[in-house]
Each structure stands twice: as C-alpha cells, then as structure tokens.
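Comments concern the structure below.
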Amino acid sequence: MSSSDLHPSHRRRITSGAVGIGLATGAYGLSFGAISVASGLTALQTQTLSLLMFTGGSQFALVGVLGAGGGAVAAILTAWLLGARNGMYALSMAPTLQVTGLRRLAAAELTIDESTAMALAHPDPPDAARHAFWRTGLSVYVLWNLGTLLGALGAAAIGDPATLGLDAAIPAAFIALLWPRLVDRTMWAVALAGAAVALALTPVLRPGLPVLAAGLVALIAAMLMGRRP
Amino acid sequence: MIWFAVLAGSLGCYLEKLLGYFLPRSVLENEGVRRVAGLLPVALLAALVAVQTFAVGQTLVIDARLAGLAAAVIALVLRAPFLVVVVVAAVTAAALRATGIGT
C-alpha cells in the first residue's frame, strides 16, 4: 500500500499519539487483569480474554457478571451487547481501510473505540486515517495484553480482593467507561433508568439478568426518540 | 463454565467486529440502528455500575464499595485518568475497611 501522500512528520505525530493511547490503555489493562483474577478467573482465562475478545467494556462486563455469580449465558450476552458497537465502528472503517483477506481478519480484531477514534480524528489524507487505525490498534493490542498480564499476575500473588478494595474497583471501572458517554440529558436519563431497572430486578432475578434487562431500557428509549420529531 | 464464557464471549465479540466489514454501509445510515447502538452501552454500563456497587448475590446492601464509587466520581470530575479512578476507588474502600468503618 502506498503511503507517499502522507508527510513523514504527520506520520510521526500519528505514531506518537498511537503509542500514548496504547500506554494509557495498558494502564487500564492492568486494572482489568487484577479485577478479572479477583472475580475468580485464572490468569490464563484473563489473558485469553485480552488476546481474543480484545474489547475492554465487554471484558469487564463478562468478568463482572461471572464474578457476581451470574452464570455463563448472562455473562456472554452482556459482553456481546456491549461489543455490538464495534460492529458499527467496523462499518464506518470499512470504506477507509479497504481491506480484504487476512488483513480484513486482522483489522476486525483491532476495531475498537481507540483505533476508530484515532482514524476518525485524522481523516485527511486517507493514508493518515489508515496509519492511525493500524498504529493505534496494534499499540493498544500489545500494551493492553501486557497490562493484563501484569495485573493478573499481581492480583494472583495477593490474597483476598476485598482487603485491597478490588471489589470497589469494579464499579469504578464501569463508571469510568460510562462517564465520557454522559454527554446530554438523554444519556443521563437512559443511564439512570438502566441503573434503576437493574437494581429493582436484582432481588427477583438471577445475577446477570438485571443488567441484560437494563438493555431493554436502551431499546425503549430509542423507540421513544424515534417517535419524537 | 468459565472457559465456555471466555471462548464463546470472545468468538461473538470478534464476529460482531468482522460482520461490520461485510454488511452494506446503508446499515449505518439507519437512524434506529444508530440510536440503539449509542444508547445500549450507556444503559448497560450504568446497570453494571449499580449492580456492582450495591448487589451481593440477589441482596442489595450499602458497604464500602459505595464510598469507593463516590471517590471514583470525584476523580472523574477532576479529569483523572482511568487507572487513577480505579485505584482511588479501591484505596478508599480498603481504607474504610481497614479502619473498621466499612464492611
């Protein structure tokens, strides 16, 4: 693939941005590794998630639901629902990346919040967007997995998660993922309704199911918004 | 059971990503699809925050995790990076327990 129309300084700037995002995500991978092991997964299971699933929100959700005793099916469904947005990112990346064959399989794995956002932030020339996508995706992949490894081994070495407050780190991780999305009143309303539905159903449904039920709030809200002009 | 969740969860999440490279772009222009895709993570993440803060199995309790969450929100308002938010929450909960205030 030719990259002749991307200026070297532009290319370097994108690469250093990609490494910076990778480092930040690596630190976040550290907390994922620790939380996953504290939730009852082995270090190998934790690492497998980072290597294969490679989408933070879904990974946190899967270990969170499993750790709360929610069962495999509820954990899987929650992870899938949270991962659906990556499919939307892939749709928007496809015309820019123009990938086929093995490169398409690799691009799919690297299609996450960070790589998509970096590509969208560097739309011109198209080579810049492609460079931003691949550099960010690879940098996050490597450092996210490295962070996961260190976090998992660290947490496996220490004892009871509650002593270190690791159980409190789980909701903190989720609210840190949620926070940037609370951009307007609609988002706040959906968030509060989702939380309320999940709490109301907690005493009556098996762990894991109340969170899935909260997903219905999003569907209902989307339908209501569709009816409003 | 955990391995099943890990592998099936991973496979599905990968296929979701891959599917986007095969579907027609017009899916992205569908207003309903875009709205649901935007709202779904918000509802699910908020539900996860609530359940992971208050639930022990099927019982709702108030314990040191709530103080941890409050500390995390303060850190977020102060624009702290992700790892700081998580560590602040953990340290707050651990400190409360160590002093015997929280459970």
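Chain labels follow the order of the structure tokens: the first chain is A, the next B, and so on; residue numbering restarts at 1 in every chain, and ligands are counted from 1 in their shown order.
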
If we count only C-alpha atoms and set the cut-off at 7 Å, which residues sit around region 69-78 of chain B, ignoring sequence neighbours fewer than 3 positions away in its own chain? Please answer as a ChimeraX atom specification.
/A:168,171-172 /B:65-66,85-86,88-89,92

Since we have the selection now, will you write its residues out, keeping C-alpha atoms, as a compact mmCIF listing (two decimals), in the first residue's frame?
```txt
# COMPACT_ATOMS: atom_id res chain seq x y z
CA ALA A 168 -14.85 -1.46 44.70
CA PRO A 171 -17.96 -0.33 39.66
CA ALA A 172 -15.27 2.36 39.37
CA ARG B 65 -18.00 -0.08 47.60
CA LEU B 66 -20.36 2.94 47.62
CA VAL B 85 -10.08 6.47 39.04
CA VAL B 86 -9.95 2.74 39.67
CA VAL B 88 -8.77 5.78 44.13
CA ALA B 89 -11.95 3.71 44.46
CA THR B 92 -10.98 4.35 49.54
```

Once DSSP has gone over the backbone, tell me which residues of region 23-72 of chain A are in helix (DSSP H, G or I), as a tab-separated table (two decimals) with N, CA, C and O atoms, in the first residue's frame.
```
chain	number	residue	atom	x	y	z
A	23	LEU	N	-0.24	3.38	25.82
A	23	LEU	CA	0.25	3.39	27.20
A	23	LEU	C	-0.90	3.60	28.18
A	23	LEU	O	-1.00	2.91	29.20
A	24	ALA	N	-1.80	4.54	27.85
A	24	ALA	CA	-2.94	4.79	28.73
A	24	ALA	C	-3.81	3.54	28.83
A	24	ALA	O	-4.28	3.16	29.91
A	25	THR	N	-4.01	2.87	27.70
A	25	THR	CA	-4.84	1.67	27.69
A	25	THR	C	-4.15	0.52	28.42
A	25	THR	O	-4.81	-0.30	29.05
A	26	GLY	N	-2.80	0.50	28.34
A	26	GLY	CA	-2.06	-0.52	29.06
A	26	GLY	C	-2.29	-0.42	30.56
A	26	GLY	O	-2.44	-1.43	31.27
A	27	ALA	N	-2.32	0.83	31.05
A	27	ALA	CA	-2.58	1.05	32.47
A	27	ALA	C	-3.97	0.54	32.83
A	27	ALA	O	-4.19	-0.03	33.91
A	28	TYR	N	-4.88	0.71	31.90
A	28	TYR	CA	-6.25	0.28	32.11
A	28	TYR	C	-6.31	-1.26	32.03
A	28	TYR	O	-7.02	-1.93	32.80
A	29	GLY	N	-5.46	-1.85	31.19
A	29	GLY	CA	-5.35	-3.31	31.11
A	29	GLY	C	-4.86	-3.90	32.42
A	29	GLY	O	-5.28	-4.99	32.83
A	30	LEU	N	-4.00	-3.16	33.09
A	30	LEU	CA	-3.51	-3.56	34.41
A	30	LEU	C	-4.68	-3.76	35.37
A	30	LEU	O	-4.77	-4.77	36.08
A	31	SER	N	-5.60	-2.80	35.38
A	31	SER	CA	-6.75	-2.92	36.29
A	31	SER	C	-7.67	-4.04	35.81
A	31	SER	O	-8.25	-4.75	36.64
A	32	PHE	N	-7.78	-4.24	34.50
A	32	PHE	CA	-8.61	-5.36	34.04
A	32	PHE	C	-8.04	-6.69	34.52
A	32	PHE	O	-8.76	-7.54	35.03
A	33	GLY	N	-6.73	-6.86	34.36
A	33	GLY	CA	-6.09	-8.11	34.78
A	33	GLY	C	-6.34	-8.39	36.26
A	33	GLY	O	-6.71	-9.51	36.65
A	34	ALA	N	-6.16	-7.35	37.07
A	34	ALA	CA	-6.34	-7.52	38.51
A	34	ALA	C	-7.80	-7.83	38.86
A	34	ALA	O	-8.09	-8.75	39.64
A	35	ILE	N	-8.72	-7.09	38.26
A	35	ILE	CA	-10.15	-7.26	38.57
A	35	ILE	C	-10.64	-8.64	38.11
A	35	ILE	O	-11.41	-9.31	38.80
A	36	SER	N	-10.16	-9.08	36.95
A	36	SER	CA	-10.60	-10.36	36.41
A	36	SER	C	-10.18	-11.51	37.33
A	36	SER	O	-10.99	-12.39	37.65
A	37	VAL	N	-8.93	-11.47	37.79
A	37	VAL	CA	-8.46	-12.52	38.71
A	37	VAL	C	-9.20	-12.43	40.04
A	37	VAL	O	-9.59	-13.45	40.62
A	38	ALA	N	-9.46	-11.19	40.50
A	38	ALA	CA	-10.21	-11.03	41.74
A	38	ALA	C	-11.65	-11.53	41.59
A	38	ALA	O	-12.29	-11.91	42.56
A	43	ALA	N	-5.41	-16.57	35.65
A	43	ALA	CA	-4.60	-15.65	34.86
A	43	ALA	C	-4.66	-16.02	33.38
A	43	ALA	O	-4.70	-15.15	32.51
A	44	LEU	N	-4.71	-17.32	33.09
A	44	LEU	CA	-4.76	-17.77	31.69
A	44	LEU	C	-6.09	-17.38	31.03
A	44	LEU	O	-6.13	-16.92	29.89
A	45	GLN	N	-7.20	-17.58	31.77
A	45	GLN	CA	-8.51	-17.18	31.24
A	45	GLN	C	-8.55	-15.68	31.01
A	45	GLN	O	-9.08	-15.19	30.00
A	46	THR	N	-7.98	-14.93	31.94
A	46	THR	CA	-7.94	-13.47	31.84
A	46	THR	C	-7.16	-13.04	30.60
A	46	THR	O	-7.60	-12.19	29.82
A	47	GLN	N	-6.00	-13.67	30.40
A	47	GLN	CA	-5.16	-13.31	29.26
A	47	GLN	C	-5.84	-13.70	27.95
A	47	GLN	O	-5.76	-12.96	26.96
A	48	THR	N	-6.52	-14.84	27.94
A	48	THR	CA	-7.23	-15.28	26.74
A	48	THR	C	-8.27	-14.23	26.33
A	48	THR	O	-8.43	-13.93	25.14
A	49	LEU	N	-8.96	-13.66	27.32
A	49	LEU	CA	-9.95	-12.62	27.01
A	49	LEU	C	-9.28	-11.43	26.32
A	49	LEU	O	-9.78	-10.91	25.32
A	50	SER	N	-8.14	-11.00	26.85
A	50	SER	CA	-7.48	-9.83	26.26
A	50	SER	C	-6.93	-10.14	24.87
A	50	SER	O	-6.91	-9.28	24.00
A	51	LEU	N	-6.47	-11.39	24.67
A	51	LEU	CA	-5.92	-11.76	23.37
A	51	LEU	C	-7.02	-11.94	22.32
A	51	LEU	O	-6.85	-11.56	21.17
A	52	LEU	N	-8.15	-12.54	22.71
A	52	LEU	CA	-9.19	-12.88	21.73
A	52	LEU	C	-10.33	-11.87	21.70
A	52	LEU	O	-10.72	-11.40	20.64
A	53	MET	N	-10.93	-11.59	22.86
A	53	MET	CA	-12.09	-10.68	22.86
A	53	MET	C	-11.63	-9.26	22.53
A	53	MET	O	-12.23	-8.59	21.70
A	56	GLY	N	-12.47	-3.74	25.80
A	56	GLY	CA	-12.45	-3.58	27.26
A	56	GLY	C	-13.80	-3.67	27.94
A	56	GLY	O	-13.96	-4.39	28.92
A	57	GLY	N	-14.79	-2.94	27.42
A	57	GLY	CA	-16.10	-2.91	28.07
A	57	GLY	C	-16.69	-4.30	28.20
A	57	GLY	O	-17.18	-4.69	29.27
A	58	SER	N	-16.61	-5.07	27.12
A	58	SER	CA	-17.16	-6.43	27.13
A	58	SER	C	-16.38	-7.33	28.08
A	58	SER	O	-16.96	-8.18	28.75
A	59	GLN	N	-15.06	-7.13	28.12
A	59	GLN	CA	-14.24	-7.96	29.01
A	59	GLN	C	-14.58	-7.69	30.48
A	59	GLN	O	-14.76	-8.61	31.27
A	60	PHE	N	-14.68	-6.41	30.84
A	60	PHE	CA	-15.06	-6.06	32.20
A	60	PHE	C	-16.45	-6.61	32.52
A	60	PHE	O	-16.70	-7.12	33.61
A	61	ALA	N	-17.37	-6.51	31.55
A	61	ALA	CA	-18.75	-6.97	31.78
A	61	ALA	C	-18.77	-8.48	32.00
A	61	ALA	O	-19.43	-8.98	32.91
A	62	LEU	N	-18.03	-9.21	31.17
A	62	LEU	CA	-18.01	-10.67	31.29
A	62	LEU	C	-17.50	-11.10	32.66
A	62	LEU	O	-18.13	-11.91	33.35
A	63	VAL	N	-16.37	-10.55	33.10
A	63	VAL	CA	-15.83	-10.97	34.39
A	63	VAL	C	-16.69	-10.44	35.53
A	63	VAL	O	-16.83	-11.10	36.57
A	64	GLY	N	-17.30	-9.26	35.33
A	64	GLY	CA	-18.17	-8.70	36.37
A	64	GLY	C	-19.38	-9.58	36.62
A	64	GLY	O	-19.72	-9.88	37.77
A	65	VAL	N	-20.02	-10.01	35.53
A	65	VAL	CA	-21.22	-10.85	35.68
A	65	VAL	C	-20.84	-12.23	36.23
A	65	VAL	O	-21.51	-12.76	37.13
A	66	LEU	N	-19.75	-12.81	35.74
A	66	LEU	CA	-19.30	-14.11	36.26
A	66	LEU	C	-18.96	-14.00	37.74
A	66	LEU	O	-19.34	-14.85	38.54
A	67	GLY	N	-18.25	-12.92	38.10
A	67	GLY	CA	-17.83	-12.73	39.49
A	67	GLY	C	-19.01	-12.56	40.42
A	67	GLY	O	-18.96	-12.94	41.59
A	72	ALA	N	-22.79	-18.31	32.88
A	72	ALA	CA	-22.09	-18.10	31.62
A	72	ALA	C	-22.96	-17.39	30.58
A	72	ALA	O	-22.51	-16.48	29.89
```

Env of region 22-31 of chain B: 10 Å cut, atoms = only C-alpha atoms, seq-sep filter 2 positions within chain, self excluded. Answer as a PyMOL selection string.
(chain A and resi 87-95+104+222+226) or (chain B and resi 17-20+33-37)

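When only C-alpha atoms are used to measure the gap to Cys13 (chain B), the shortest distance among A:Ala79, A:Val142, A:Ala198, A:Ala157 belongs to A:Ala79.
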
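Here CA of Arg13 (chain A) and CA of Gly101 (chain A) stand 29.1 Å from one another.
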